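Undergrad: This structure is in structure tokens; I'll ask about it shortly.
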Amino acid sequence: MGLKRQILNLISHEAKLSPKMIATMLGQEENNIIRAIQQMENDKVILGYNTVINWDKMEGNGVTATIEVKVTPQREVGFNGVAERICRFPEVRSVHLMSGSYDLSVVVEGSNLKEIANFVSHKLSTLDEVQSTVTHFVLKTYKVDNFVFEDAREDERLVISP
Amino acid sequence: MSSMDRYISNVVKSVPPSGIRKFFDLASQMQGVISLGVGEPDFVTPWHIREACFHALEHGYTMYTSNHGLIELREEIAIYQKRKIGVCYSPEDEILITIGVSEAVDLAMRALVEPGDEVLVPEPSFVCYAPGAMLAHGKAVPVQTFNRDQYRLKPEELEKCITPRSKVLVLAYPSNPTGAIMHEEDLTALLDIIIKNDLIVITDEIYSELTYNGSHVSIASLPGMRDRTVLLNGFSKAYAMTGWRVGYACGHSDIIDAMKKIHQYSIMCASIMGQKAALEALRNGEQEMRKMVESYNYRRRIILAGFDDIGMNCFEPKGAFYCFPSIRCTGMSSEEFCEKLLEEEKVAVVPGNAFGACGEGFVRCCYAANVNHIEEAVSRMGSFLNRHRKY
Ligand SMILES: Cc1ncc(COP(=O)(O)O)c(C=O)c1O
């Protein structure tokens with residue numbers, strides 16, 4: 001496996017690993033790691049570093065919805081034109097083109113239900129290419145990006161064993 | 001209460017108490033201990049394997065299996081060993097499923113050892129071989145291995161311990177507690193002595209998958225060794241299945257048959273749910289297992305780099321999930337070091353002499369632990385060394 005892929009495998013689970021630590025884990029020079037990461041940042045292989053947050057543990061958390069969007073693809077730009085337009089809305093967290101019974105899967109965050117309802121009825125549905133939308137609100141989160149939300153159990157192994 | 005001691009058999013009395021018992025009691029009473037003293041994976045058994053067990057239960061697999069174990073499992077083990085070490089074993093009569101390698105060691109000793117026979121055990125070693133030999137009325141003969149040889153067994157040291165009563169040689173590489181491995185040439189160097197003295201080899205290869213930067217070589221694959229070798233392996237370490245208690249023995253049908261004779265009366269068979277889970281591990285477990293091994297390898301490098309930083313001398317272990325640093329610079333005995341470290345820094349590691357006299361001056365640290373805990377433990381060991389370093 002190439003060095004870049006090895007690094008990505010590590011930091012995709014833990015963005016906070018320092019280049020020094022990654023170098024130790026992979027048996028590499030720290031400079032090689034710094035250079036590879038910089039390159040991947042420049043090449044936009046690495047777009048940024050997010051934090052996985054359990055908002056349920058904070059007060060006054062917002063709402064998330066997944067919206068299934070059917071669209072009419074356009075000449076020349078196909079699905080890209082409309083997808084790019086949808087991406088520009090700041091309340092949109094992610095957009096994917098899907099196979100199957102609808103076209104775009106749009107994840108939206110808002111501070112309450114009404115805000116998302118407004119976004120769908122005023123901003124999304126009114127785009128010319130959008131034929132229909134189906135909005136699903138998230139009720140509870142169990143796992144995101146490999147992190148399970150339920151608190152992990154403590155290490156229950158015997159303290160000392162042969 | 002009157003003592004019942006006089007009723008206990010002399011053989012059992014002759015087996016010394018476990019070297020880690022006292023230390024275990026000490027460590028388990030204490031709160032907030034960071035432990036590098038465990039001897040098992042820190043992963044839970046991969047989900048697909050657990051799921052295969054639920055499936056088996058759901059479908060009513062709750063009965064005995066044949067004494068040998070499920071034939072599908074034995075077939076899968078035959079394929080696995082052929083692929084990994086290039087040795088063919090017949091699933092019908094050359095493979096026996098046991099309650100972990102632990103049972104297999106006991107069976108092999110009882111099947112092979114006559115009263116007074118000598119069992120050569122390279123030390124430092126895992127704790128069950130010498131007692132296993134003694135309980136089979138044999139005599140355990142420690143063979144020394146040294147830090148300077150990266151704890152590989154050297155022919156000179158083996159030769160020194162050979163007597164007319166030598167019958168069995170135990171090999172257990174990758175090693176618990178040192179993390180040592182034996183390369184092909186290291187094993188080849190032993191063949192003359194083994195064959196000349198007509199020794200049988202019990203090879204405990206439970207850590208075979210945990211070999212870093214290279215692949216495991218089994219002595220069973222070397223010329224003339226297949227029938228002289230009882231190969232033991234299991235699922236505890238590679239597949240994070242310590243609690244399932246499934247292992248196996250492969251070897252010549254006469255030896256496997258003798259082991260089965262004991263097994264059928266004392267154990268009957270390994271639990272069918274465990275065997276079903278083991279089957280799933282062999283059929284579909286390679287990918288998850290590789291991920292776990294990779295993760296041990298990361299942590300192996302982290303702990304070694306940490307020891308290097310704090311000036312703790314440790315040879316590079318190439319297998320299992322242990323390292324075996326020297327504590328000689330403190331002038332303390334291994335036990336003293338471990339007790340003080342526990343008291344002063346709340347870090348638990350295992351005294352090297354628990355694994356044989358030549359482990360004195362060393363401690364076993366297991367890196368199958370949370371990375372943050374490893375770093376914290378190493379840093380605390382660093383402060384400890386700063387206070388207590390003599391040389
Ligand atoms: C070298 C060695 N052999 C055997 C065992 C026991 O294995 P099992 O769980 O298969 O009985 C262990 C466990 O720590 C071990 O380290």
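Following the order of the structure tokens, chains are lettered A, B, ..., residues in each are numbered from 1, and ligands are numbered from 1.
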With a distance cut-off of 9 Å and only C-alpha atoms, select the neighbouring residues of B:Glu92, excluding the residue or stretch itself and same-chain residues fewer than 3 positions from it, and output the selection as a CSV table (one decimal) with N, CA, C and O atoms, in the first residue's frame.

TA:
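This is the output file out.csv:
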```csv
chain,number,residue,atom,x,y,z
B,68,HIS,N,-13.3,-35.4,17.7
B,68,HIS,CA,-12.3,-34.6,16.9
B,68,HIS,C,-12.7,-33.2,16.7
B,68,HIS,O,-11.9,-32.4,16.4
B,71,ILE,N,-16.2,-31.6,11.4
B,71,ILE,CA,-15.3,-32.0,10.2
B,71,ILE,C,-15.1,-30.8,9.3
B,71,ILE,O,-14.0,-30.6,8.8
B,74,ARG,N,-12.3,-28.8,10.8
B,74,ARG,CA,-11.0,-29.5,10.5
B,74,ARG,C,-10.6,-29.3,9.1
B,74,ARG,O,-9.4,-29.1,8.8
B,75,GLU,N,-11.6,-29.4,8.2
B,75,GLU,CA,-11.2,-29.2,6.7
B,75,GLU,C,-10.7,-27.8,6.5
B,75,GLU,O,-9.7,-27.6,5.8
B,89,TYR,N,-2.3,-31.6,6.4
B,89,TYR,CA,-2.8,-32.5,7.4
B,89,TYR,C,-4.1,-33.0,7.0
B,89,TYR,O,-5.0,-32.3,6.4
B,95,ILE,N,-6.0,-33.9,12.7
B,95,ILE,CA,-6.4,-32.6,13.4
B,95,ILE,C,-7.4,-32.9,14.5
B,95,ILE,O,-8.4,-33.6,14.3
```

Undergrad: Quick check: residues of chain B within 9 Å of chain A, only C-alpha atoms, returned as a VMD selection string.

TA: chain B and resid 20 to 21 23 to 25 27 to 28 33 to 40 42 126 to 127 176 to 177 295 297 to 302 305 348 to 350 354 to 355

Undergrad: Considering only strand (DSSP E) as DSSP defines it on the backbone, what residues of chain A qualify? List them as a CSV table (one decimal) with N, CA and C atoms, in the first residue's frame.

TA:
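Once written, result33.csv looks like this:
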```
chain,number,residue,atom,x,y,z
A,63,VAL,N,-31.6,20.4,14.2
A,63,VAL,CA,-32.2,19.3,13.5
A,63,VAL,C,-31.5,19.0,12.2
A,64,THR,N,-31.5,17.7,11.9
A,64,THR,CA,-30.9,17.3,10.6
A,64,THR,C,-31.9,16.5,9.8
A,65,ALA,N,-31.9,16.7,8.5
A,65,ALA,CA,-32.8,16.0,7.6
A,65,ALA,C,-32.1,15.5,6.4
A,66,THR,N,-32.5,14.4,5.9
A,66,THR,CA,-32.0,13.9,4.6
A,66,THR,C,-33.1,14.1,3.6
A,67,ILE,N,-32.8,14.8,2.5
A,67,ILE,CA,-33.9,15.0,1.5
A,67,ILE,C,-33.6,14.3,0.2
A,68,GLU,N,-34.6,13.5,-0.2
A,68,GLU,CA,-34.4,12.8,-1.5
A,68,GLU,C,-34.9,13.8,-2.6
A,69,VAL,N,-34.1,14.1,-3.6
A,69,VAL,CA,-34.5,15.0,-4.6
A,69,VAL,C,-34.5,14.4,-6.0
A,70,LYS,N,-35.6,14.5,-6.6
A,70,LYS,CA,-35.7,14.1,-8.1
A,70,LYS,C,-35.5,15.3,-8.9
A,71,VAL,N,-34.6,15.2,-9.9
A,71,VAL,CA,-34.4,16.4,-10.7
A,71,VAL,C,-34.4,16.1,-12.2
A,92,VAL,N,-26.8,23.4,3.6
A,92,VAL,CA,-26.6,22.0,3.1
A,92,VAL,C,-25.3,21.5,3.5
A,93,ARG,N,-25.3,20.3,4.2
A,93,ARG,CA,-24.1,19.7,4.7
A,93,ARG,C,-23.4,18.8,3.7
A,94,SER,N,-24.2,18.0,3.0
A,94,SER,CA,-23.6,17.1,2.0
A,94,SER,C,-24.6,16.9,0.9
A,95,VAL,N,-24.1,16.6,-0.3
A,95,VAL,CA,-24.9,16.3,-1.5
A,95,VAL,C,-24.3,15.1,-2.2
A,96,HIS,N,-25.1,14.1,-2.5
A,96,HIS,CA,-24.6,13.0,-3.3
A,96,HIS,C,-25.5,12.7,-4.5
A,97,LEU,N,-25.0,12.3,-5.6
A,97,LEU,CA,-25.8,11.8,-6.7
A,97,LEU,C,-26.0,10.3,-6.4
A,104,LEU,N,-30.7,13.0,-6.2
A,104,LEU,CA,-29.8,13.6,-5.2
A,104,LEU,C,-30.2,13.4,-3.8
A,105,SER,N,-29.2,13.0,-3.0
A,105,SER,CA,-29.5,12.9,-1.6
A,105,SER,C,-28.8,14.1,-0.9
A,106,VAL,N,-29.6,14.9,-0.2
A,106,VAL,CA,-29.1,16.2,0.3
A,106,VAL,C,-29.3,16.2,1.8
A,107,VAL,N,-28.2,16.4,2.6
A,107,VAL,CA,-28.3,16.4,4.0
A,107,VAL,C,-28.3,17.9,4.4
A,108,VAL,N,-29.3,18.3,5.2
A,108,VAL,CA,-29.5,19.7,5.6
A,108,VAL,C,-29.5,19.8,7.1
A,109,GLU,N,-28.9,20.8,7.6
A,109,GLU,CA,-29.0,21.1,9.1
A,109,GLU,C,-29.6,22.4,9.3
A,110,GLY,N,-30.5,22.5,10.3
A,110,GLY,CA,-31.1,23.8,10.7
A,110,GLY,C,-31.3,23.8,12.2
A,130,VAL,N,-35.8,20.9,-10.1
A,130,VAL,CA,-36.2,20.0,-9.1
A,130,VAL,C,-37.7,19.6,-9.4
A,131,GLN,N,-37.9,18.3,-9.5
A,131,GLN,CA,-39.2,17.8,-9.8
A,131,GLN,C,-40.0,17.5,-8.5
A,132,SER,N,-39.3,16.9,-7.5
A,132,SER,CA,-40.0,16.6,-6.3
A,132,SER,C,-39.0,16.4,-5.2
A,133,THR,N,-39.5,16.5,-3.9
A,133,THR,CA,-38.6,16.2,-2.8
A,133,THR,C,-39.3,15.3,-1.7
A,134,VAL,N,-38.5,14.5,-1.0
A,134,VAL,CA,-39.1,13.8,0.1
A,134,VAL,C,-38.1,14.1,1.3
A,135,THR,N,-38.7,14.6,2.4
A,135,THR,CA,-37.8,15.0,3.5
A,135,THR,C,-37.9,14.0,4.6
A,136,HIS,N,-36.8,13.5,5.1
A,136,HIS,CA,-36.7,12.6,6.3
A,136,HIS,C,-36.0,13.3,7.4
A,137,PHE,N,-36.6,13.5,8.5
A,137,PHE,CA,-35.9,14.1,9.7
A,137,PHE,C,-35.2,13.0,10.5
A,143,LYS,N,-24.6,6.0,15.0
A,143,LYS,CA,-23.3,5.9,14.6
A,143,LYS,C,-23.0,6.9,13.5
A,144,VAL,N,-21.9,7.6,13.5
A,144,VAL,CA,-21.5,8.5,12.5
A,144,VAL,C,-20.0,8.3,12.2
A,147,PHE,N,-17.9,6.2,14.4
A,147,PHE,CA,-18.0,6.4,15.9
A,147,PHE,C,-19.4,6.1,16.3
A,148,VAL,N,-19.5,5.1,17.3
A,148,VAL,CA,-20.7,4.7,17.9
A,148,VAL,C,-21.1,5.7,19.0
```

Undergrad: So which residues are near ligand 1, meaning at most 9 Å away with only C-alpha atoms and all ligand atoms counted, given back as a tab-separated table (two decimals) with N, CA and C atoms, in the first residue's frame?

TA:
```tsv
chain	number	residue	atom	x	y	z
A	161	SER	N	-2.81	-10.92	33.12
A	161	SER	CA	-3.03	-12.32	32.75
A	161	SER	C	-1.78	-12.84	32.06
A	162	PRO	N	-1.60	-14.17	32.08
A	162	PRO	CA	-0.34	-14.70	31.56
A	162	PRO	C	-0.29	-14.59	30.04
B	38	VAL	N	-1.88	-7.22	30.52
B	38	VAL	CA	-2.83	-8.23	30.03
B	38	VAL	C	-2.16	-9.12	28.99
B	39	GLY	N	-2.75	-10.26	28.76
B	39	GLY	CA	-2.17	-11.19	27.79
B	39	GLY	C	-3.15	-11.54	26.70
B	40	GLU	N	-4.00	-10.57	26.35
B	40	GLU	CA	-4.99	-10.88	25.31
B	40	GLU	C	-5.29	-9.64	24.48
B	98	THR	N	-9.58	-28.50	20.12
B	98	THR	CA	-9.44	-28.53	21.59
B	98	THR	C	-10.02	-27.26	22.22
B	99	ILE	N	-10.05	-27.27	23.55
B	99	ILE	CA	-10.50	-26.11	24.29
B	99	ILE	C	-9.32	-25.15	24.39
B	100	GLY	N	-9.03	-24.49	23.33
B	100	GLY	CA	-7.88	-23.58	23.31
B	100	GLY	C	-6.58	-24.36	23.18
B	101	VAL	N	-5.52	-23.61	22.93
B	101	VAL	CA	-4.20	-24.23	22.88
B	101	VAL	C	-3.85	-24.78	24.27
B	102	SER	N	-4.41	-24.16	25.30
B	102	SER	CA	-4.13	-24.62	26.67
B	102	SER	C	-4.43	-26.10	26.83
B	103	GLU	N	-5.61	-26.52	26.38
B	103	GLU	CA	-5.92	-27.95	26.48
B	103	GLU	C	-4.99	-28.77	25.60
B	104	ALA	N	-4.70	-28.26	24.42
B	104	ALA	CA	-3.85	-29.01	23.48
B	104	ALA	C	-2.46	-29.25	24.07
B	105	VAL	N	-1.93	-28.26	24.80
B	105	VAL	CA	-0.63	-28.44	25.45
B	105	VAL	C	-0.71	-29.57	26.46
B	125	SER	N	9.33	-18.20	29.00
B	125	SER	CA	8.26	-18.82	28.22
B	125	SER	C	6.90	-18.59	28.87
B	126	PHE	N	5.89	-18.76	28.06
B	126	PHE	CA	4.52	-18.78	28.56
B	126	PHE	C	4.42	-19.82	29.67
B	127	VAL	N	3.47	-19.61	30.56
B	127	VAL	CA	3.52	-20.31	31.84
B	127	VAL	C	3.02	-21.75	31.88
B	128	CYS	N	2.45	-22.27	30.80
B	128	CYS	CA	1.77	-23.56	30.97
B	128	CYS	C	2.62	-24.78	30.64
B	129	TYR	N	3.78	-24.60	29.99
B	129	TYR	CA	4.48	-25.80	29.52
B	129	TYR	C	5.13	-26.60	30.65
B	172	ALA	N	7.75	-22.10	21.09
B	172	ALA	CA	6.57	-21.24	21.15
B	172	ALA	C	6.94	-19.87	20.62
B	173	TYR	N	6.98	-19.76	19.32
B	173	TYR	CA	7.33	-18.51	18.65
B	173	TYR	C	6.27	-18.19	17.62
B	174	PRO	N	5.92	-16.92	17.46
B	174	PRO	CA	6.30	-15.73	18.22
B	174	PRO	C	6.05	-15.93	19.72
B	175	SER	N	6.92	-15.32	20.51
B	175	SER	CA	6.94	-15.66	21.92
B	175	SER	C	6.15	-14.72	22.82
B	176	ASN	N	5.41	-15.31	23.72
B	176	ASN	CA	4.94	-14.66	24.92
B	176	ASN	C	5.93	-15.14	25.98
B	177	PRO	N	6.70	-14.32	26.61
B	177	PRO	CA	6.58	-12.89	26.84
B	177	PRO	C	7.51	-11.98	26.03
B	204	ASP	N	3.89	-24.32	19.73
B	204	ASP	CA	2.71	-23.51	20.04
B	204	ASP	C	2.78	-22.26	19.17
B	205	GLU	N	1.97	-22.24	18.13
B	205	GLU	CA	2.06	-21.15	17.15
B	205	GLU	C	0.86	-20.21	17.22
B	206	ILE	N	0.36	-20.03	18.46
B	206	ILE	CA	-0.86	-19.25	18.62
B	206	ILE	C	-0.70	-17.80	18.16
B	207	TYR	N	0.55	-17.30	18.16
B	207	TYR	CA	0.76	-15.92	17.70
B	207	TYR	C	1.25	-15.85	16.25
B	232	LEU	N	0.42	-26.74	17.40
B	232	LEU	CA	-0.76	-26.24	18.10
B	232	LEU	C	-1.03	-24.81	17.63
B	233	ASN	N	-2.30	-24.53	17.42
B	233	ASN	CA	-2.67	-23.16	17.09
B	233	ASN	C	-4.11	-22.96	17.55
B	234	GLY	N	-4.59	-21.74	17.44
B	234	GLY	CA	-5.94	-21.49	17.93
B	234	GLY	C	-6.42	-20.14	17.47
B	235	PHE	N	-7.53	-19.73	18.02
B	235	PHE	CA	-8.22	-18.54	17.53
B	235	PHE	C	-8.12	-17.36	18.49
B	236	SER	N	-7.63	-17.64	19.70
B	236	SER	CA	-7.64	-16.64	20.77
B	236	SER	C	-6.99	-15.32	20.37
B	237	LYS	N	-5.80	-15.39	19.78
B	237	LYS	CA	-5.05	-14.16	19.60
B	237	LYS	C	-5.34	-13.53	18.24
B	241	MET	N	-10.37	-14.00	20.10
B	241	MET	CA	-11.40	-14.93	20.55
B	241	MET	C	-11.01	-15.68	21.83
B	242	THR	N	-10.35	-14.96	22.76
B	242	THR	CA	-9.85	-15.66	23.96
B	242	THR	C	-10.96	-16.34	24.76
B	243	GLY	N	-12.11	-15.69	24.84
B	243	GLY	CA	-13.17	-16.24	25.68
B	243	GLY	C	-13.90	-17.44	25.06
B	244	TRP	N	-13.67	-17.70	23.80
B	244	TRP	CA	-14.42	-18.76	23.12
B	244	TRP	C	-13.86	-20.14	23.41
B	245	ARG	N	-12.58	-20.17	23.73
B	245	ARG	CA	-11.88	-21.40	24.05
B	245	ARG	C	-11.89	-22.40	22.91
B	246	VAL	N	-11.33	-22.01	21.79
B	246	VAL	CA	-11.17	-22.95	20.69
B	246	VAL	C	-9.73	-22.91	20.17
B	247	GLY	N	-9.14	-24.09	20.08
B	247	GLY	CA	-7.80	-24.22	19.52
B	247	GLY	C	-7.73	-25.58	18.82
B	248	TYR	N	-6.54	-25.95	18.39
B	248	TYR	CA	-6.44	-27.26	17.74
B	248	TYR	C	-5.00	-27.76	17.72
B	320	ALA	N	3.93	-11.40	18.17
B	320	ALA	CA	3.00	-11.34	19.31
B	320	ALA	C	2.64	-9.89	19.63
```

Undergrad: I want to know what sits within 8 Å of B:Leu279, based on only C-alpha atoms, with residues of the same chain fewer than 6 positions away left out; could you give that as a list in words?

TA: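 Within the cut-off, the hits are Glu72, Leu73 and Glu76 of chain B.
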
Undergrad: Save out the residues we just selected, all heavy atoms, as a compact mmCIF listing (two decimals), in the first residue's frame.

TA:
```
# COMPACT_ATOMS: atom_id res chain seq x y z
N GLU B 72 -16.15 -29.89 9.22
CA GLU B 72 -15.98 -28.70 8.36
C GLU B 72 -14.86 -27.82 8.91
O GLU B 72 -14.09 -27.24 8.16
CB GLU B 72 -17.24 -27.81 8.31
CG GLU B 72 -18.54 -28.47 8.00
CD GLU B 72 -19.26 -28.87 9.27
OE1 GLU B 72 -18.91 -29.95 9.81
OE2 GLU B 72 -20.16 -28.15 9.73
N LEU B 73 -14.80 -27.73 10.24
CA LEU B 73 -13.77 -26.89 10.85
C LEU B 73 -12.38 -27.51 10.61
O LEU B 73 -11.43 -26.82 10.25
CB LEU B 73 -14.04 -26.70 12.34
CG LEU B 73 -13.01 -25.87 13.11
CD1 LEU B 73 -12.83 -24.49 12.50
CD2 LEU B 73 -13.42 -25.74 14.59
N GLU B 76 -11.33 -26.88 7.13
CA GLU B 76 -10.91 -25.49 6.94
C GLU B 76 -9.52 -25.26 7.55
O GLU B 76 -8.72 -24.52 6.99
CB GLU B 76 -11.96 -24.59 7.60
CG GLU B 76 -12.18 -23.25 6.95
CD GLU B 76 -12.62 -23.31 5.50
OE1 GLU B 76 -13.64 -23.95 5.19
OE2 GLU B 76 -11.92 -22.70 4.69
```

Undergrad: Find the residues near stretch 183-190 of chain B: any atom within 7 Å, counting only C-alpha atoms, skip ones fewer than 5 places away on the same chain, and give them as a PyMOL selection string.

TA: chain B and resi 155+217+219

Undergrad: Take atom CA of A:Tyr49 and atom CA of A:Lys20 and report the distance between them in Å, one decimal.

TA: 17.9 Å

Undergrad: Could you give me, as a list of chain:residue names, the residues within 10 Å of B:Ile85, counting only C-alpha atoms and dropping anything in the same chain fewer than 3 positions from it?

TA: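 The contact residues come out as B:Tyr80, B:Gln81, B:Lys82, B:Cys88, B:Ser215, B:His216, B:Val217, B:Ser218, B:Ile219, B:Ala220, B:Ser221, B:Leu222.
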
Undergrad: List every residue of stretch 21-101 of chain A that DSSP, applied to the backbone, labels as helix (DSSP H, G or I), and write the result as a ChimeraX atom specification.

TA: /A:21-26,30-42,55-57,80-88
